[in-house]
>>> print(open('coords_16.csv').read())   # CSV, C-alpha atoms and all ligand atoms
chain,number,residue,atom,x,y,z
A,1,VAL,CA,-45.5,93.2,-170.5
A,2,ALA,CA,-45.8,95.5,-173.5
A,3,LYS,CA,-44.6,98.4,-171.4
A,4,ALA,CA,-41.6,96.5,-170.0
A,5,ALA,CA,-40.7,95.3,-173.5
A,6,GLY,CA,-41.1,98.8,-174.8
A,7,ARG,CA,-38.8,100.1,-172.1
A,8,ALA,CA,-36.2,97.4,-172.8
A,9,CYS,CA,-36.4,98.2,-176.5
A,10,PHE,CA,-35.9,101.8,-175.8
A,11,ARG,CA,-32.9,101.2,-173.6
A,12,PHE,CA,-31.4,99.0,-176.2
A,13,TYR,CA,-31.9,101.7,-178.8
A,14,ASP,CA,-30.5,104.2,-176.4
A,15,GLU,CA,-27.3,102.2,-175.8
A,16,GLU,CA,-26.8,101.7,-179.5
A,17,MET,CA,-27.2,105.4,-180.1
A,18,ASN,CA,-24.8,106.1,-177.4
A,19,ALA,CA,-22.2,103.6,-178.7
A,20,ARG,CA,-22.5,105.2,-182.1
A,21,ALA,CA,-22.1,108.7,-180.7
A,22,VAL,CA,-19.0,107.6,-178.9
A,23,GLU,CA,-17.6,106.0,-182.0
A,24,GLN,CA,-18.3,109.1,-184.0
A,25,LEU,CA,-16.6,111.2,-181.4
A,26,LYS,CA,-13.6,109.0,-181.5
A,27,MET,CA,-13.4,109.1,-185.3
A,28,GLU,CA,-13.8,112.9,-185.2
A,29,GLU,CA,-10.8,113.2,-183.0
A,30,GLU,CA,-8.8,110.7,-185.0
A,31,LEU,CA,-9.7,112.5,-188.2
A,32,ARG,CA,-8.6,115.8,-186.8
A,33,TYR,CA,-5.3,114.2,-185.9
A,34,ALA,CA,-5.1,112.4,-189.3
A,35,MET,CA,-5.4,115.7,-191.2
A,36,SER,CA,-2.6,117.2,-189.2
A,37,SER,CA,-0.3,114.2,-189.4
A,38,ASN,CA,-0.3,113.2,-193.0
A,39,GLN,CA,-2.5,110.2,-192.7
A,40,LEU,CA,-4.7,111.3,-195.5
A,41,GLU,CA,-3.6,110.7,-199.1
A,42,LEU,CA,-5.0,111.4,-202.5
A,43,ARG,CA,-5.3,108.9,-205.4
A,44,TYR,CA,-6.0,109.8,-209.0
A,45,GLN,CA,-8.2,107.6,-211.3
A,46,PRO,CA,-7.8,108.1,-215.0
A,47,GLN,CA,-10.6,109.1,-217.4
A,48,ILE,CA,-10.2,107.9,-220.9
A,49,ASP,CA,-11.5,109.8,-224.0
A,50,THR,CA,-13.3,107.3,-226.3
A,51,ALA,CA,-12.4,109.4,-229.3
A,52,THR,CA,-8.6,109.1,-228.8
A,53,GLY,CA,-8.0,106.2,-226.3
A,54,THR,CA,-5.9,108.5,-224.2
A,55,VAL,CA,-6.3,109.7,-220.6
A,56,VAL,CA,-7.6,113.3,-220.6
A,57,SER,CA,-8.5,113.7,-216.9
A,58,MET,CA,-8.1,112.2,-213.5
A,59,GLU,CA,-10.5,112.1,-210.5
A,60,ALA,CA,-8.9,112.9,-207.1
A,61,LEU,CA,-10.1,110.4,-204.4
A,62,VAL,CA,-9.1,110.7,-200.8
A,63,ARG,CA,-7.9,107.8,-198.6
A,64,TRP,CA,-7.2,107.6,-194.9
A,65,LYS,CA,-4.2,105.5,-194.0
A,66,HIS,CA,-5.1,104.7,-190.4
A,67,PRO,CA,-2.2,103.6,-188.2
A,68,ASP,CA,-4.1,100.6,-186.7
A,69,ARG,CA,-7.0,100.1,-189.1
A,70,GLY,CA,-5.2,100.3,-192.4
A,71,MET,CA,-6.9,102.0,-195.4
A,72,ILE,CA,-10.2,103.5,-194.5
A,73,SER,CA,-12.6,104.2,-197.4
A,74,PRO,CA,-14.0,107.7,-197.8
A,75,LEU,CA,-17.4,106.1,-197.8
A,76,GLU,CA,-16.8,105.6,-194.0
A,77,PHE,CA,-15.1,108.9,-193.0
A,78,ILE,CA,-16.6,111.5,-195.4
A,79,PRO,CA,-20.1,111.1,-193.7
A,80,VAL,CA,-18.4,111.7,-190.3
A,81,ALA,CA,-16.5,114.7,-191.6
A,82,GLU,CA,-19.8,116.0,-193.0
A,83,ARG,CA,-21.7,115.7,-189.7
A,84,THR,CA,-18.9,117.3,-187.7
A,85,GLY,CA,-18.2,120.1,-190.2
A,86,GLN,CA,-14.6,118.8,-190.7
A,87,ILE,CA,-15.4,118.4,-194.4
A,88,ILE,CA,-14.6,122.1,-194.9
A,89,GLU,CA,-11.1,121.7,-193.7
A,90,LEU,CA,-10.8,118.4,-195.4
A,91,GLY,CA,-11.9,119.9,-198.7
A,92,ASP,CA,-9.3,122.7,-198.4
A,93,TRP,CA,-6.7,120.0,-197.7
A,94,VAL,CA,-7.7,118.1,-200.9
A,95,LEU,CA,-7.4,121.3,-203.0
A,96,GLY,CA,-4.0,122.0,-201.5
A,97,GLU,CA,-2.8,118.5,-202.3
A,98,ILE,CA,-4.1,118.7,-205.9
A,99,ASN,CA,-2.1,121.9,-206.3
A,100,ARG,CA,1.0,120.3,-204.9
A,101,HIS,CA,0.6,117.3,-207.3
A,102,CYS,CA,-0.1,119.5,-210.3
A,103,ARG,CA,3.1,121.3,-209.7
A,104,TYR,CA,4.9,118.0,-209.4
A,105,TRP,CA,3.5,116.7,-212.7
A,106,ASP,CA,4.2,120.1,-214.3
A,107,SER,CA,7.8,119.8,-213.1
A,108,LEU,CA,8.1,116.5,-214.9
A,109,GLY,CA,7.1,118.2,-218.1
A,110,LEU,CA,3.7,116.4,-218.4
A,111,PRO,CA,1.1,118.1,-220.6
A,112,PRO,CA,-1.6,119.6,-218.3
A,113,PHE,CA,-4.6,117.4,-217.9
A,114,ARG,CA,-7.9,118.1,-216.1
A,115,VAL,CA,-8.3,117.1,-212.4
A,116,CYS,CA,-11.8,116.4,-211.0
A,117,VAL,CA,-12.5,117.1,-207.4
A,118,ASN,CA,-15.4,115.9,-205.3
A,119,ILE,CA,-17.2,118.6,-203.5
A,120,SER,CA,-19.5,117.5,-200.6
A,121,PRO,CA,-23.0,119.0,-200.4
A,122,ILE,CA,-22.0,120.5,-197.1
A,123,GLN,CA,-19.2,122.4,-198.9
A,124,PHE,CA,-21.5,123.3,-201.8
A,125,ASN,CA,-24.1,124.8,-199.4
A,126,GLN,CA,-21.5,127.1,-197.8
A,127,ASP,CA,-22.3,130.7,-199.0
A,128,ASP,CA,-18.7,131.4,-199.4
A,129,LEU,CA,-17.8,128.4,-201.6
A,130,PRO,CA,-17.2,130.6,-204.7
A,131,LYS,CA,-15.1,133.0,-202.7
A,132,ARG,CA,-13.0,130.1,-201.3
A,133,MET,CA,-12.5,128.6,-204.7
A,134,ARG,CA,-11.4,132.0,-206.0
A,135,ALA,CA,-8.9,132.4,-203.2
A,136,PHE,CA,-7.6,128.9,-203.9
A,137,LEU,CA,-7.2,129.5,-207.6
A,138,GLU,CA,-5.4,132.7,-207.0
A,139,SER,CA,-2.9,131.3,-204.5
A,140,ALA,CA,-2.5,128.0,-206.4
A,141,HIS,CA,-1.9,129.4,-209.9
A,142,ILE,CA,-3.8,126.5,-211.4
A,143,PRO,CA,-5.7,127.6,-214.5
A,144,ALA,CA,-9.4,127.3,-213.4
A,145,ASN,CA,-10.4,125.2,-216.4
A,146,ARG,CA,-7.9,122.6,-215.3
A,147,LEU,CA,-10.2,121.8,-212.4
A,148,GLU,CA,-13.6,120.2,-212.6
A,149,VAL,CA,-15.8,120.2,-209.5
A,150,GLU,CA,-18.0,117.2,-209.1
A,151,LEU,CA,-21.3,117.9,-207.3
A,152,THR,CA,-23.9,115.2,-206.7
A,153,GLU,CA,-27.2,115.5,-208.5
A,154,SER,CA,-29.1,115.6,-205.1
A,155,ALA,CA,-26.9,118.5,-203.9
A,156,ILE,CA,-27.6,120.7,-206.9
A,157,MET,CA,-31.3,119.8,-207.2
A,158,ASN,CA,-32.1,120.7,-203.7
A,159,ASP,CA,-33.1,124.3,-203.9
A,160,ALA,CA,-32.4,124.5,-207.7
A,161,PRO,CA,-33.0,128.2,-208.2
A,162,ALA,CA,-30.4,129.2,-205.6
A,163,ASN,CA,-28.0,126.6,-206.9
A,164,ILE,CA,-28.2,127.9,-210.5
A,165,LYS,CA,-26.8,131.1,-209.1
A,166,LYS,CA,-24.1,129.4,-207.1
A,167,LEU,CA,-23.0,127.2,-210.1
A,168,SER,CA,-22.9,130.3,-212.3
A,169,GLU,CA,-20.4,131.8,-209.8
A,170,LEU,CA,-18.3,128.8,-210.1
A,171,LYS,CA,-18.5,128.9,-213.8
A,172,GLU,CA,-17.5,132.5,-213.8
A,173,LEU,CA,-14.3,131.6,-212.1
A,174,GLY,CA,-13.6,129.3,-215.1
A,175,LEU,CA,-14.1,126.0,-213.3
A,176,GLU,CA,-15.7,123.0,-215.1
A,177,VAL,CA,-18.7,121.5,-213.4
A,178,ALA,CA,-19.8,117.9,-213.4
A,179,VAL,CA,-22.9,116.3,-211.9
A,180,ASP,CA,-21.8,113.1,-210.1
A,181,ASP,CA,-23.9,110.0,-209.5
A,182,PHE,CA,-26.3,111.2,-212.2
A,183,GLY,CA,-29.5,109.3,-212.4
A,184,THR,CA,-29.8,108.5,-208.7
A,185,GLY,CA,-31.4,111.8,-207.8
A,186,TYR,CA,-34.6,113.4,-209.0
A,187,SER,CA,-33.5,115.9,-211.6
A,188,SER,CA,-36.1,118.2,-212.9
A,189,LEU,CA,-35.3,118.2,-216.6
A,190,SER,CA,-36.4,121.8,-217.0
A,191,TYR,CA,-33.9,122.9,-214.4
A,192,LEU,CA,-31.2,120.7,-215.8
A,193,LYS,CA,-31.3,122.7,-219.0
A,194,ARG,CA,-30.8,125.9,-217.0
A,195,PHE,CA,-27.9,124.6,-214.9
A,196,PRO,CA,-24.5,125.9,-216.1
A,197,ILE,CA,-22.9,122.5,-216.1
A,198,ASP,CA,-20.4,120.8,-218.4
A,199,THR,CA,-20.5,117.1,-217.6
A,200,LEU,CA,-23.0,114.4,-216.6
A,201,LYS,CA,-21.4,111.5,-214.8
A,202,ILE,CA,-23.5,108.3,-215.1
A,203,ASP,CA,-23.8,106.6,-211.7
A,204,GLN,CA,-21.9,103.4,-211.5
A,205,SER,CA,-24.9,101.5,-210.4
A,206,PHE,CA,-26.3,101.8,-213.9
A,207,VAL,CA,-23.1,100.6,-215.4
A,208,ALA,CA,-23.2,97.6,-213.1
A,209,ASP,CA,-26.7,97.0,-214.3
A,210,LEU,CA,-25.9,97.3,-218.0
A,211,ASP,CA,-26.7,93.6,-218.5
A,212,THR,CA,-30.3,94.3,-217.5
A,213,THR,CA,-32.9,95.9,-219.8
A,214,ASP,CA,-33.6,98.7,-217.3
A,215,GLY,CA,-29.9,99.5,-216.7
A,216,ALA,CA,-29.2,99.7,-220.4
A,217,ALA,CA,-32.3,101.9,-220.9
A,218,ILE,CA,-31.2,104.4,-218.3
A,219,VAL,CA,-27.7,104.6,-219.7
A,220,ASP,CA,-29.1,105.2,-223.2
A,221,ALA,CA,-31.4,107.9,-221.8
A,222,ILE,CA,-28.6,109.7,-220.0
A,223,ILE,CA,-26.3,109.6,-223.1
A,224,ALA,CA,-29.2,110.9,-225.3
A,225,LEU,CA,-29.9,113.6,-222.7
A,226,SER,CA,-26.3,114.7,-222.7
A,227,ASN,CA,-26.2,115.0,-226.4
A,228,THR,CA,-29.4,117.0,-226.5
A,229,LEU,CA,-28.1,119.4,-223.8
A,230,ASN,CA,-24.6,119.5,-225.3
A,231,LEU,CA,-23.0,118.1,-222.3
A,232,ARG,CA,-20.0,115.8,-221.9
A,233,VAL,CA,-21.0,112.4,-220.6
A,234,ILE,CA,-18.8,110.0,-218.6
A,235,ALA,CA,-19.5,106.5,-217.2
A,236,GLU,CA,-17.8,105.4,-214.1
A,237,GLY,CA,-17.4,102.0,-212.5
A,238,ILE,CA,-16.5,100.2,-215.7
A,239,GLU,CA,-15.1,96.8,-214.8
A,240,GLN,CA,-15.9,94.6,-217.8
A,241,LYS,CA,-15.2,94.5,-221.5
A,242,ASP,CA,-18.9,94.1,-222.2
A,243,GLN,CA,-19.8,97.3,-220.3
A,244,LEU,CA,-17.0,99.1,-222.1
A,245,ASP,CA,-18.1,97.9,-225.6
A,246,TYR,CA,-21.7,99.0,-224.9
A,247,LEU,CA,-20.7,102.4,-223.8
A,248,VAL,CA,-18.4,103.0,-226.7
A,249,ALA,CA,-21.1,101.8,-229.1
A,250,LYS,CA,-23.5,104.3,-227.6
A,251,GLY,CA,-21.1,107.2,-228.0
A,252,CYS,CA,-20.3,107.8,-224.3
A,253,HIS,CA,-17.5,110.4,-224.4
A,254,LEU,CA,-15.4,109.4,-221.3
A,255,LEU,CA,-14.8,106.2,-219.4
A,256,GLN,CA,-13.5,105.5,-215.9
A,257,GLY,CA,-13.2,102.3,-214.0
A,258,TYR,CA,-11.1,99.5,-212.7
A,259,TYR,CA,-11.1,98.0,-216.2
A,260,PHE,CA,-8.6,100.7,-217.2
A,261,ALA,CA,-7.0,101.7,-213.9
A,262,ARG,CA,-7.5,101.8,-210.2
A,263,PRO,CA,-7.1,105.1,-208.4
A,264,LEU,CA,-3.3,105.7,-208.7
A,265,TYR,CA,-0.6,107.1,-206.5
A,266,PRO,CA,0.5,110.5,-207.9
A,267,GLU,CA,3.9,109.0,-208.8
A,268,ASP,CA,2.2,106.5,-211.1
A,269,VAL,CA,0.1,109.1,-212.9
A,270,PRO,CA,2.8,110.0,-215.6
A,271,ASP,CA,3.1,106.4,-216.9
A,272,THR,CA,-0.6,105.9,-217.2
A,273,LEU,CA,-1.1,109.3,-218.7
A,274,GLN,CA,1.1,108.3,-221.6
A,275,GLN,CA,-0.6,105.0,-222.1
A,276,ASP,CA,-2.6,104.3,-225.3
A,277,PHE,CA,-5.9,102.6,-224.5
A,278,SER,CA,-7.3,102.6,-228.0
A,279,ALA,CA,-6.9,98.8,-228.5
A,280,ASP,CA,-9.3,98.3,-225.5
A,281,LEU,CA,-11.9,100.5,-227.3
A,282,THR,CA,-12.3,98.2,-230.3
A,283,PRO,CA,-15.2,95.8,-229.6
A,284,LYS,CA,-14.4,92.2,-228.9
A,285,PRO,CA,-15.4,89.9,-231.8
A,286,GLN,CA,-18.9,88.5,-231.5
A,287,ASP,CA,-19.3,84.7,-231.8
B,301,LIG,P1,-17.6,109.0,-206.3
B,301,LIG,O1,-17.1,110.4,-206.5
B,301,LIG,O2,-18.8,108.6,-207.0
B,301,LIG,O3,-16.3,108.1,-206.8
B,301,LIG,C1,-16.4,106.9,-207.4
B,301,LIG,C2,-16.0,105.8,-206.5
B,301,LIG,O4,-16.0,104.5,-207.3
B,301,LIG,C3,-14.6,105.8,-205.9
B,301,LIG,O5,-14.7,105.2,-204.6
B,301,LIG,C4,-13.8,104.9,-206.9
B,301,LIG,O6,-12.6,104.4,-206.3
B,301,LIG,C5,-14.8,103.9,-207.1
B,301,LIG,N1,-14.5,103.2,-208.4
B,301,LIG,C6,-13.9,103.6,-209.5
B,301,LIG,N2,-13.9,102.7,-210.4
B,301,LIG,C7,-14.6,101.6,-210.0
B,301,LIG,C8,-14.9,100.3,-210.5
B,301,LIG,O7,-14.6,100.0,-211.7
B,301,LIG,N3,-15.7,99.5,-209.7
B,301,LIG,C9,-16.1,99.9,-208.5
B,301,LIG,N4,-16.8,99.0,-207.8
B,301,LIG,N5,-15.8,101.1,-207.9
B,301,LIG,C10,-15.0,101.9,-208.7
B,301,LIG,P2,-14.0,105.8,-203.4
B,301,LIG,O8,-12.6,106.3,-203.8
B,301,LIG,O9,-14.1,104.8,-202.3
B,301,LIG,O10,-14.9,107.1,-203.0
B,301,LIG,C11,-16.2,106.9,-202.6
B,301,LIG,C12,-16.9,108.3,-202.6
B,301,LIG,O11,-16.4,109.1,-201.5
B,301,LIG,C13,-16.8,109.1,-203.8
B,301,LIG,O12,-17.8,108.6,-204.8
B,301,LIG,C14,-17.1,110.4,-203.3
B,301,LIG,O13,-18.5,110.7,-203.2
B,301,LIG,C15,-16.5,110.4,-201.9
B,301,LIG,N6,-15.1,111.0,-202.0
B,301,LIG,C16,-13.9,110.5,-202.4
B,301,LIG,N7,-13.0,111.4,-202.3
B,301,LIG,C17,-13.5,112.6,-201.9
B,301,LIG,C18,-13.1,113.9,-201.6
B,301,LIG,O14,-11.9,114.2,-201.8
B,301,LIG,N8,-14.0,114.8,-201.1
B,301,LIG,C19,-15.3,114.5,-201.0
B,301,LIG,N9,-16.1,115.4,-200.5
B,301,LIG,N10,-15.8,113.3,-201.2
B,301,LIG,C20,-14.9,112.3,-201.7
B,302,MG,MG,-16.9,111.6,-208.0
B,303,MG,MG,-20.0,108.9,-208.7
B,304,MG,MG,-20.8,108.8,-205.0
>>> encode(input="coords_16.csv", output="structure tokens", more="lines below")
Ligand code: C2E
Ligand code: MG
Ligand code: MG
Ligand code: MG
Amino acid sequence: VAKAAGRACFRFYDEEMNARAVEQLKMEEELRYAMSSNQLELRYQPQIDTATGTVVSMEALVRWKHPDRGMISPLEFIPVAERTGQIIELGDWVLGEINRHCRYWDSLGLPPFRVCVNISPIQFNQDDLPKRMRAFLESAHIPANRLEVELTESAIMNDAPANIKKLSELKELGLEVAVDDFGTGYSSLSYLKRFPIDTLKIDQSFVADLDTTDGAAIVDAIIALSNTLNLRVIAEGIEQKDQLDYLVAKGCHLLQGYYFARPLYPEDVPDTLQQDFSADLTPKPQD
């Protein structure tokens, strides 16, 4: 009986794996088509400086406008693109779009602001990433310090010694470097000090947990660490006034979240860029 059950179980597992493989294959094909037929789009989410209440940077976030399925989240298709290697091409497309949009904003006479771009661990692990970034910067004519690359903590901490060198190469190009989803990985603090980075981005799960003792303690620790290491610190995923008040009181430098703005169409960037958020940054009266 056990043997039969085992076999049935195995077959079930097998079929499920098969179904998943077929689905991935389908998505891989659709994604290839999507990249060549303008189904991918970028949105830009503002980052607000707590010192001035103004937008100083924007994070580029990719979307897939699927003809049948509607908007597909990057959480769904980035992992597929990573498994199939399509993330390399996708990453190049994202940079190209950022260049196009920067030129558009420049043409409107907007003051230049920083654009943050997510770099997948797969892209980061490519030996020629610095070379590719250099080629991009040369052809795009975007000043390198206008771009900040966001790398996840786990991506840079895996093989830290080699990554210090790679990050240095990116820094030498003039790029800004942020560590995304900070606090979720296993950073060695001694390495963190040696990493040539500019920004720590507090993972949104800690912002969501700010109403718990542990969540608040972790946020406090990351802000303190940033100050010690002379890094810029940003919190993402801010949805509520209480979270905002806490982060401002603790001296967090930059803020990002639905509370201020959702990821925007490029055409909506100019209006938001000129908005003054300072009234939001004053704490709500305590009762
Ligand atoms: P991430 O880089 O950590 O981006 C933050 C995510 O939080 C974004 O989700 C953003 O839309 C969302 N978000 C922003 N404010 C709030 C808020 O107040 N509340 C909540 N609940 N969420 C908020 P999104 O756009 O779905 O992107 C998910 C992830 O996909 C990103 O996480 C990033 O890892 C990846 N991704 C997005 N665009 C790209 C890209 O162009 N290239 C690569 N390699 N990865 C990307
Ligand atoms: Mg990010
Ligand atoms: Mg993040
Ligand atoms: Mg993330």
>>> closest_atom_pairs(input="coords_16.csv", of="chain A", to="ligand MG 303 (chain B)", cutoff="9 Å", atoms="only C-alpha atoms and all ligand atoms", output="tab-separated table")
residue	atom	partner	partner_atom	distance
A:Glu150	CA	B:MG303	MG	8.5
A:Thr152	CA	B:MG303	MG	7.7
A:Val179	CA	B:MG303	MG	8.6
A:Asp180	CA	B:MG303	MG	4.8
A:Asp181	CA	B:MG303	MG	4.1
A:Phe182	CA	B:MG303	MG	7.6
A:Lys201	CA	B:MG303	MG	6.8
A:Ile202	CA	B:MG303	MG	7.3
A:Asp203	CA	B:MG303	MG	5.4
A:Gln204	CA	B:MG303	MG	6.5
A:Ala235	CA	B:MG303	MG	8.8
A:Glu236	CA	B:MG303	MG	6.8
A:Gly237	CA	B:MG303	MG	8.3
>>> write_last_selection(input="coords_16.csv", atoms="C-alpha atoms", output="mmCIF file, keeping the file's coordinate frame")
data_model
loop_
_atom_site.group_PDB
_atom_site.id
_atom_site.type_symbol
_atom_site.label_atom_id
_atom_site.label_comp_id
_atom_site.auth_asym_id
_atom_site.auth_seq_id
_atom_site.Cartn_x
_atom_site.Cartn_y
_atom_site.Cartn_z
ATOM 1 C CA GLU A 150 -18.000 117.200 -209.100
ATOM 2 C CA THR A 152 -23.900 115.200 -206.700
ATOM 3 C CA VAL A 179 -22.900 116.300 -211.900
ATOM 4 C CA ASP A 180 -21.800 113.100 -210.100
ATOM 5 C CA ASP A 181 -23.900 110.000 -209.500
ATOM 6 C CA PHE A 182 -26.300 111.200 -212.200
ATOM 7 C CA LYS A 201 -21.400 111.500 -214.800
ATOM 8 C CA ILE A 202 -23.500 108.300 -215.100
ATOM 9 C CA ASP A 203 -23.800 106.600 -211.700
ATOM 10 C CA GLN A 204 -21.900 103.400 -211.500
ATOM 11 C CA ALA A 235 -19.500 106.500 -217.200
ATOM 12 C CA GLU A 236 -17.800 105.400 -214.100
ATOM 13 C CA GLY A 237 -17.400 102.000 -212.500
#
>>> closest_residue(input="coords_16.csv", among="A:Gly53, A:Pro270, A:Pro130, A:Pro263", to="ligand LIG 301 (chain B)", atoms="all atoms listed in the file")
A:Pro263
>>> residues_near_point(input="coords_16.csv", point="(-32.0, 111.3, -207.5)", cutoff="6 Å", atoms="all atoms listed in the file", output="ChimeraX atom specification")
/A:154,183-186
>>> residues_near_ligand(input="coords_16.csv", ligand="ligand LIG 301 (chain B)", cutoff="7 Å", atoms="all atoms listed in the file", output="list of chain:residue names")
A:Ala60, A:Leu61, A:Val62, A:Ser73, A:Pro74, A:Leu75, A:Ile78, A:Ile87, A:Gly91, A:Val94, A:Val117, A:Asn118, A:Ile119, A:Ser120, A:Asp180, A:Asp181, A:Glu236, A:Gly237, A:Ile238, A:Glu239, A:Gln256, A:Gly257, A:Tyr258, A:Tyr259, A:Arg262, A:Pro263
>>> residues_around(input="coords_16.csv", residues="Val219 in chain A", least_positions_apart="5", cutoff="9 Å", atoms="only C-alpha atoms", output="mmCIF file with C-alpha atoms, in the coordinates of the input")
data_model
loop_
_atom_site.group_PDB
_atom_site.id
_atom_site.type_symbol
_atom_site.label_atom_id
_atom_site.label_comp_id
_atom_site.auth_asym_id
_atom_site.auth_seq_id
_atom_site.Cartn_x
_atom_site.Cartn_y
_atom_site.Cartn_z
ATOM 1 C CA GLY A 183 -29.500 109.300 -212.400
ATOM 2 C CA ILE A 202 -23.500 108.300 -215.100
ATOM 3 C CA PHE A 206 -26.300 101.800 -213.900
ATOM 4 C CA VAL A 207 -23.100 100.600 -215.400
ATOM 5 C CA LEU A 210 -25.900 97.300 -218.000
ATOM 6 C CA ASP A 214 -33.600 98.700 -217.300
ATOM 7 C CA ALA A 224 -29.200 110.900 -225.300
ATOM 8 C CA ALA A 235 -19.500 106.500 -217.200
ATOM 9 C CA LEU A 247 -20.700 102.400 -223.800
ATOM 10 C CA LYS A 250 -23.500 104.300 -227.600
#
>>> closest_atom_pairs(input="coords_16.csv", of="range 41-113 of chain A", to="range 140-146 of chain A", cutoff="9 Å", atoms="all atoms listed in the file", output="CSV")
residue,atom,partner,partner_atom,distance
A:Leu95,CA,A:Ala140,CA,9.0
A:Gly96,CA,A:Ala140,CA,7.9
A:Asn99,CA,A:Ala140,CA,6.1
A:Arg100,CA,A:Ala140,CA,8.6
A:Cys102,CA,A:Ile142,CA,8.0
A:Arg103,CA,A:Ile142,CA,8.8
A:Pro112,CA,A:Arg146,CA,7.6
A:Phe113,CA,A:Arg146,CA,6.7
>>> closest_residue(input="coords_16.csv", among="A:Ala81, A:Ser205, A:Lys166, A:Ile72", to="ligand MG 304 (chain B)", atoms="only C-alpha atoms and all ligand atoms")
A:Ser205
>>> residues_near_point(input="coords_16.csv", point="(-19.0, 112.4, -182.6)", cutoff="12 Å", atoms="only C-alpha atoms", output="tab-separated table (two decimals) with C-alpha atoms, in the coordinates of the input")
chain	number	residue	atom	x	y	z
A	17	MET	CA	-27.20	105.40	-180.10
A	18	ASN	CA	-24.80	106.10	-177.40
A	19	ALA	CA	-22.20	103.60	-178.70
A	20	ARG	CA	-22.50	105.20	-182.10
A	21	ALA	CA	-22.10	108.70	-180.70
A	22	VAL	CA	-19.00	107.60	-178.90
A	23	GLU	CA	-17.60	106.00	-182.00
A	24	GLN	CA	-18.30	109.10	-184.00
A	25	LEU	CA	-16.60	111.20	-181.40
A	26	LYS	CA	-13.60	109.00	-181.50
A	27	MET	CA	-13.40	109.10	-185.30
A	28	GLU	CA	-13.80	112.90	-185.20
A	29	GLU	CA	-10.80	113.20	-183.00
A	30	GLU	CA	-8.80	110.70	-185.00
A	31	LEU	CA	-9.70	112.50	-188.20
A	32	ARG	CA	-8.60	115.80	-186.80
A	77	PHE	CA	-15.10	108.90	-193.00
A	79	PRO	CA	-20.10	111.10	-193.70
A	80	VAL	CA	-18.40	111.70	-190.30
A	81	ALA	CA	-16.50	114.70	-191.60
A	82	GLU	CA	-19.80	116.00	-193.00
A	83	ARG	CA	-21.70	115.70	-189.70
A	84	THR	CA	-18.90	117.30	-187.70
A	85	GLY	CA	-18.20	120.10	-190.20
A	86	GLN	CA	-14.60	118.80	-190.70
>>> closest_residue(input="coords_16.csv", among="A:Thr213, A:Asn125, A:Thr199, A:Ser37", to="ligand MG 302 (chain B)", atoms="all atoms listed in the file")
A:Thr199
>>> axis_aligned_box(input="coords_16.csv", around="range 248-259 of chain A", padding_each_side="3 Å", output="JSON")
{"center_x": -17.3, "center_y": 104.2, "center_z": -220.9, "size_x": 18.4, "size_y": 18.4, "size_z": 22.4}
>>> closest_residue(input="coords_16.csv", among="A:Ile122, A:Cys116, A:Leu244, A:Met71", to="Gln45 in chain A", atoms="all atoms listed in the file")
A:Cys116
>>> atom_distance(input="coords_16.csv", atom1="CA of Glu148 in chain A", atom2="CA of Glu97 in chain A")
15.0 Å
>>> closest_residue(input="coords_16.csv", among="A:Pro283, A:Pro196, A:Gly215, A:Pro161", to="Ala178 in chain A", atoms="all atoms listed in the file")
A:Pro196
>>> closest_residue(input="coords_16.csv", among="A:His253, A:His66, A:Ala217, A:Ile234", to="ligand MG 302 (chain B)", atoms="all atoms listed in the file")
A:Ile234
>>> atom_distance(input="coords_16.csv", atom1="CA of Leu151 in chain A", atom2="CA of Gln126 in chain A")
13.2 Å
>>> decode(input="coords_16.csv", residues="range 168-194 of chain A", atoms="C-alpha atoms", output="PDB file, in the first residue's frame")
ATOM      1  CA  SER A 168      33.755  49.509  -6.727  1.00  0.00           C
ATOM      2  CA  GLU A 169      33.686  49.237 -10.509  1.00  0.00           C
ATOM      3  CA  LEU A 170      30.124  50.532 -10.566  1.00  0.00           C
ATOM      4  CA  LYS A 171      31.089  53.355  -8.218  1.00  0.00           C
ATOM      5  CA  GLU A 172      34.047  54.236 -10.448  1.00  0.00           C
ATOM      6  CA  LEU A 173      31.589  54.808 -13.274  1.00  0.00           C
ATOM      7  CA  GLY A 174      29.955  57.394 -11.021  1.00  0.00           C
ATOM      8  CA  LEU A 175      26.778  55.445 -10.281  1.00  0.00           C
ATOM      9  CA  GLU A 176      25.034  55.636  -6.929  1.00  0.00           C
ATOM     10  CA  VAL A 177      24.485  52.276  -5.206  1.00  0.00           C
ATOM     11  CA  ALA A 178      21.596  51.341  -2.922  1.00  0.00           C
ATOM     12  CA  VAL A 179      21.024  48.150  -0.965  1.00  0.00           C
ATOM     13  CA  ASP A 180      17.377  47.170  -1.453  1.00  0.00           C
ATOM     14  CA  ASP A 181      15.248  45.163   0.987  1.00  0.00           C
ATOM     15  CA  PHE A 182      17.824  45.839   3.677  1.00  0.00           C
ATOM     16  CA  GLY A 183      17.366  43.859   6.891  1.00  0.00           C
ATOM     17  CA  THR A 184      15.988  40.745   5.224  1.00  0.00           C
ATOM     18  CA  GLY A 185      19.379  39.250   4.363  1.00  0.00           C
ATOM     19  CA  TYR A 186      22.282  38.324   6.550  1.00  0.00           C
ATOM     20  CA  SER A 187      24.653  41.229   6.297  1.00  0.00           C
ATOM     21  CA  SER A 188      27.999  40.866   7.887  1.00  0.00           C
ATOM     22  CA  LEU A 189      28.460  44.254   9.493  1.00  0.00           C
ATOM     23  CA  SER A 190      32.202  44.155   8.970  1.00  0.00           C
ATOM     24  CA  TYR A 191      31.637  43.731   5.234  1.00  0.00           C
ATOM     25  CA  LEU A 192      28.921  46.327   5.116  1.00  0.00           C
ATOM     26  CA  LYS A 193      31.459  48.872   6.264  1.00  0.00           C
ATOM     27  CA  ARG A 194      33.748  47.939   3.395  1.00  0.00           C
TER      28      ARG A 194
END
